[in-house]
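Single-structure report; data block below.
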Amino acid sequence: MTTSSMVSTFLVSLSAIFFVVDPIGVVPLFLAMTAGDTKQQIRSTALRACLVACGLMLFFALFGRVIFQVFAVSLGAFRVAGGILLLITSLDMLRARPSSTRTSPTEEEEGAVKEDVAIVPLAIPLLAGPGAIATAMVLMARSGTSFVSALPVVAAVVLTFGASYFILRASSLVQRVLRQSGVAILERVSGLILAAIAVQFIADGAKDLLK
């Protein structure tokens, strides 16, 4: 894999993973679930949520091929399925509303009254939901089987959750600066980019299936 192709893979992976994880969209829910917590508790919750979500994403990214083999699923079929899931998520983002593929109102209500929300529902499914996991698996499968070819995707996952930690840690500031209208605008722009990536996933998968 050449340097230029690694940079290209990294940029595509970073944009896809960051937009589907959508930490800015999680900010309002994070604020609701950590209302009344001290600054230290908020930092601790954000750190644990991001570490668990990052570990889960890396696990599925690195061992996705084994899962494909166990369930006898082709990469083409998974690309189409992952693309459809991403497309549903992106359409919800374009309408600036929470995606039902990530969490349900019941899960959000339970999260608001739980003592520890870092693992469920913050890490799973808000940050590392089905769409994010499918995206990481598809990107890793596309990049190749060597250790070097996996580095751009791994780096994109780690960088995404590093940024997610700082965004959640400063969630009250982000909310004050962007306000609800700013968050909605970013959601729509992210949704548009994510929709284009989803369509590309579906097109690539359809090509594989038709071969």
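The way I read the labels, and the way they are meant: chains A, B, ... in the order of the structure tokens, residue 1 as the first residue of every chain, and ligand 1 as the first ligand shown, with later ones counted on from there.
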
Exercise. Counting only C-alpha atoms, what is within 9 Å of segment 124-128 of chain A, bar same-chain residues fewer than 5 positions away, as number ranges by chain?
Worked result: A: 20-23, 26, 49-50, 52-54, 56-57, 101-103, 118-119, 133, 161, 164

Take the residues that were just selected and, keeping N, CA, C and O atoms, output them as a PDB file, in the first residue's frame.
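result_10.pdb, written as the output of this step:
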ATOM      1  N   VAL A  20     -20.518   8.962  11.573  1.00  0.00           N
ATOM      2  CA  VAL A  20     -21.510   7.979  12.033  1.00  0.00           C
ATOM      3  C   VAL A  20     -21.495   7.872  13.562  1.00  0.00           C
ATOM      4  O   VAL A  20     -22.539   7.647  14.187  1.00  0.00           O
ATOM      5  N   VAL A  21     -20.336   8.057  14.192  1.00  0.00           N
ATOM      6  CA  VAL A  21     -20.287   8.091  15.664  1.00  0.00           C
ATOM      7  C   VAL A  21     -20.986   9.361  16.158  1.00  0.00           C
ATOM      8  O   VAL A  21     -21.709   9.336  17.155  1.00  0.00           O
ATOM      9  N   ASP A  22     -20.767  10.472  15.450  1.00  0.00           N
ATOM     10  CA  ASP A  22     -21.484  11.729  15.676  1.00  0.00           C
ATOM     11  C   ASP A  22     -21.470  12.179  17.142  1.00  0.00           C
ATOM     12  O   ASP A  22     -22.516  12.288  17.788  1.00  0.00           O
ATOM     13  N   PRO A  23     -20.278  12.451  17.698  1.00  0.00           N
ATOM     14  CA  PRO A  23     -20.215  12.856  19.112  1.00  0.00           C
ATOM     15  C   PRO A  23     -20.939  14.165  19.406  1.00  0.00           C
ATOM     16  O   PRO A  23     -21.459  14.350  20.502  1.00  0.00           O
ATOM     17  N   VAL A  26     -24.429  13.564  20.159  1.00  0.00           N
ATOM     18  CA  VAL A  26     -24.626  12.888  21.444  1.00  0.00           C
ATOM     19  C   VAL A  26     -24.612  13.891  22.605  1.00  0.00           C
ATOM     20  O   VAL A  26     -25.111  13.585  23.695  1.00  0.00           O
ATOM     21  N   ALA A  49     -16.792   5.903  28.627  1.00  0.00           N
ATOM     22  CA  ALA A  49     -17.663   5.661  27.474  1.00  0.00           C
ATOM     23  C   ALA A  49     -16.848   5.580  26.186  1.00  0.00           C
ATOM     24  O   ALA A  49     -17.054   4.682  25.355  1.00  0.00           O
ATOM     25  N   CYS A  50     -15.903   6.495  26.025  1.00  0.00           N
ATOM     26  CA  CYS A  50     -15.099   6.525  24.792  1.00  0.00           C
ATOM     27  C   CYS A  50     -14.128   5.348  24.720  1.00  0.00           C
ATOM     28  O   CYS A  50     -13.902   4.794  23.644  1.00  0.00           O
ATOM     29  N   VAL A  52     -14.533   2.319  26.099  1.00  0.00           N
ATOM     30  CA  VAL A  52     -15.300   1.094  25.812  1.00  0.00           C
ATOM     31  C   VAL A  52     -15.763   1.075  24.361  1.00  0.00           C
ATOM     32  O   VAL A  52     -15.636   0.059  23.664  1.00  0.00           O
ATOM     33  N   ALA A  53     -16.274   2.202  23.871  1.00  0.00           N
ATOM     34  CA  ALA A  53     -16.748   2.277  22.486  1.00  0.00           C
ATOM     35  C   ALA A  53     -15.598   2.065  21.505  1.00  0.00           C
ATOM     36  O   ALA A  53     -15.741   1.356  20.502  1.00  0.00           O
ATOM     37  N   CYS A  54     -14.438   2.672  21.801  1.00  0.00           N
ATOM     38  CA  CYS A  54     -13.262   2.509  20.939  1.00  0.00           C
ATOM     39  C   CYS A  54     -12.799   1.054  20.915  1.00  0.00           C
ATOM     40  O   CYS A  54     -12.516   0.501  19.846  1.00  0.00           O
ATOM     41  N   LEU A  56     -14.571  -1.625  21.496  1.00  0.00           N
ATOM     42  CA  LEU A  56     -15.566  -2.431  20.782  1.00  0.00           C
ATOM     43  C   LEU A  56     -15.424  -2.269  19.269  1.00  0.00           C
ATOM     44  O   LEU A  56     -15.449  -3.251  18.524  1.00  0.00           O
ATOM     45  N   MET A  57     -15.241  -1.026  18.823  1.00  0.00           N
ATOM     46  CA  MET A  57     -15.090  -0.760  17.390  1.00  0.00           C
ATOM     47  C   MET A  57     -13.827  -1.427  16.834  1.00  0.00           C
ATOM     48  O   MET A  57     -13.845  -2.008  15.754  1.00  0.00           O
ATOM     49  N   THR A 101     -31.798   3.721  14.798  1.00  0.00           N
ATOM     50  CA  THR A 101     -30.848   2.613  14.682  1.00  0.00           C
ATOM     51  C   THR A 101     -29.802   2.662  15.791  1.00  0.00           C
ATOM     52  O   THR A 101     -29.074   1.696  16.010  1.00  0.00           O
ATOM     53  N   ARG A 102     -29.704   3.805  16.492  1.00  0.00           N
ATOM     54  CA  ARG A 102     -28.711   3.958  17.552  1.00  0.00           C
ATOM     55  C   ARG A 102     -29.305   3.732  18.926  1.00  0.00           C
ATOM     56  O   ARG A 102     -28.740   3.022  19.756  1.00  0.00           O
ATOM     57  N   THR A 103     -30.424   4.369  19.194  1.00  0.00           N
ATOM     58  CA  THR A 103     -31.041   4.230  20.517  1.00  0.00           C
ATOM     59  C   THR A 103     -32.528   4.532  20.421  1.00  0.00           C
ATOM     60  O   THR A 103     -32.971   5.204  19.488  1.00  0.00           O
ATOM     61  N   ALA A 118     -22.086   5.291  31.559  1.00  0.00           N
ATOM     62  CA  ALA A 118     -20.918   5.280  30.682  1.00  0.00           C
ATOM     63  C   ALA A 118     -20.954   4.135  29.676  1.00  0.00           C
ATOM     64  O   ALA A 118     -20.664   4.330  28.482  1.00  0.00           O
ATOM     65  N   ILE A 119     -21.307   2.931  30.147  1.00  0.00           N
ATOM     66  CA  ILE A 119     -21.276   1.770  29.252  1.00  0.00           C
ATOM     67  C   ILE A 119     -22.553   1.709  28.415  1.00  0.00           C
ATOM     68  O   ILE A 119     -22.508   1.669  27.179  1.00  0.00           O
ATOM     69  N   ILE A 133     -20.295   0.215  13.991  1.00  0.00           N
ATOM     70  CA  ILE A 133     -19.594  -1.075  13.952  1.00  0.00           C
ATOM     71  C   ILE A 133     -19.541  -1.612  12.525  1.00  0.00           C
ATOM     72  O   ILE A 133     -18.492  -2.070  12.052  1.00  0.00           O
ATOM     73  N   PHE A 161     -12.436   8.647  18.611  1.00  0.00           N
ATOM     74  CA  PHE A 161     -12.843   8.563  20.022  1.00  0.00           C
ATOM     75  C   PHE A 161     -12.008   9.462  20.920  1.00  0.00           C
ATOM     76  O   PHE A 161     -12.469   9.867  21.997  1.00  0.00           O
ATOM     77  N   SER A 164     -13.948  12.514  20.429  1.00  0.00           N
ATOM     78  CA  SER A 164     -15.244  12.353  21.109  1.00  0.00           C
ATOM     79  C   SER A 164     -15.112  12.610  22.606  1.00  0.00           C
ATOM     80  O   SER A 164     -15.999  13.222  23.222  1.00  0.00           O
TER      81      SER A 164
END

Problem set entry | Within 9 Å of Ile193 of chain A using only C-alpha atoms, minus same-chain residues under 3 positions, as a list in words | Ser15, Ala16, Phe19, Ser90, Arg188, Val189, Ser190, Ala196, Ile197 and Ala198 of chain A

For this session: Please provide as a PyMOL selection string all residues within 12 Å of Phe18 of chain A, with the sequence filter that same-chain residues fewer than 5 positions apart are discarded (counting only C-alpha atoms).
Result: chain A and resi 10-13+23-25+54+127-128+131-133+135-136+153+155-164+187+190-191+193-194

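Going from atom CA of Gly76 of chain A over to atom CA of Asp208 of chain A, you cover 5.0 Å.
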
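Note that the spacing between atom CA of Leu91 of chain A and atom CA of Arg65 of chain A amounts to 28.4 Å.
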
Exercise. Which polymer residues have any atom within 8 Å of an atom of Leu85 of chain A, counting only C-alpha atoms, with same-chain residues fewer than 3 positions away left out, as a ChimeraX atom specification?
Worked result: /A:81-82,88-89,101,130-131

Exercise. Please, which residues of chain A, numbered as in this document, come out alpha helix (DSSP H) from DSSP, as a PyMOL selection string?
Worked result: chain A and resi 3-21+23-33+39-62+64-70+75-94+105-113+130-143+147-169+171-210
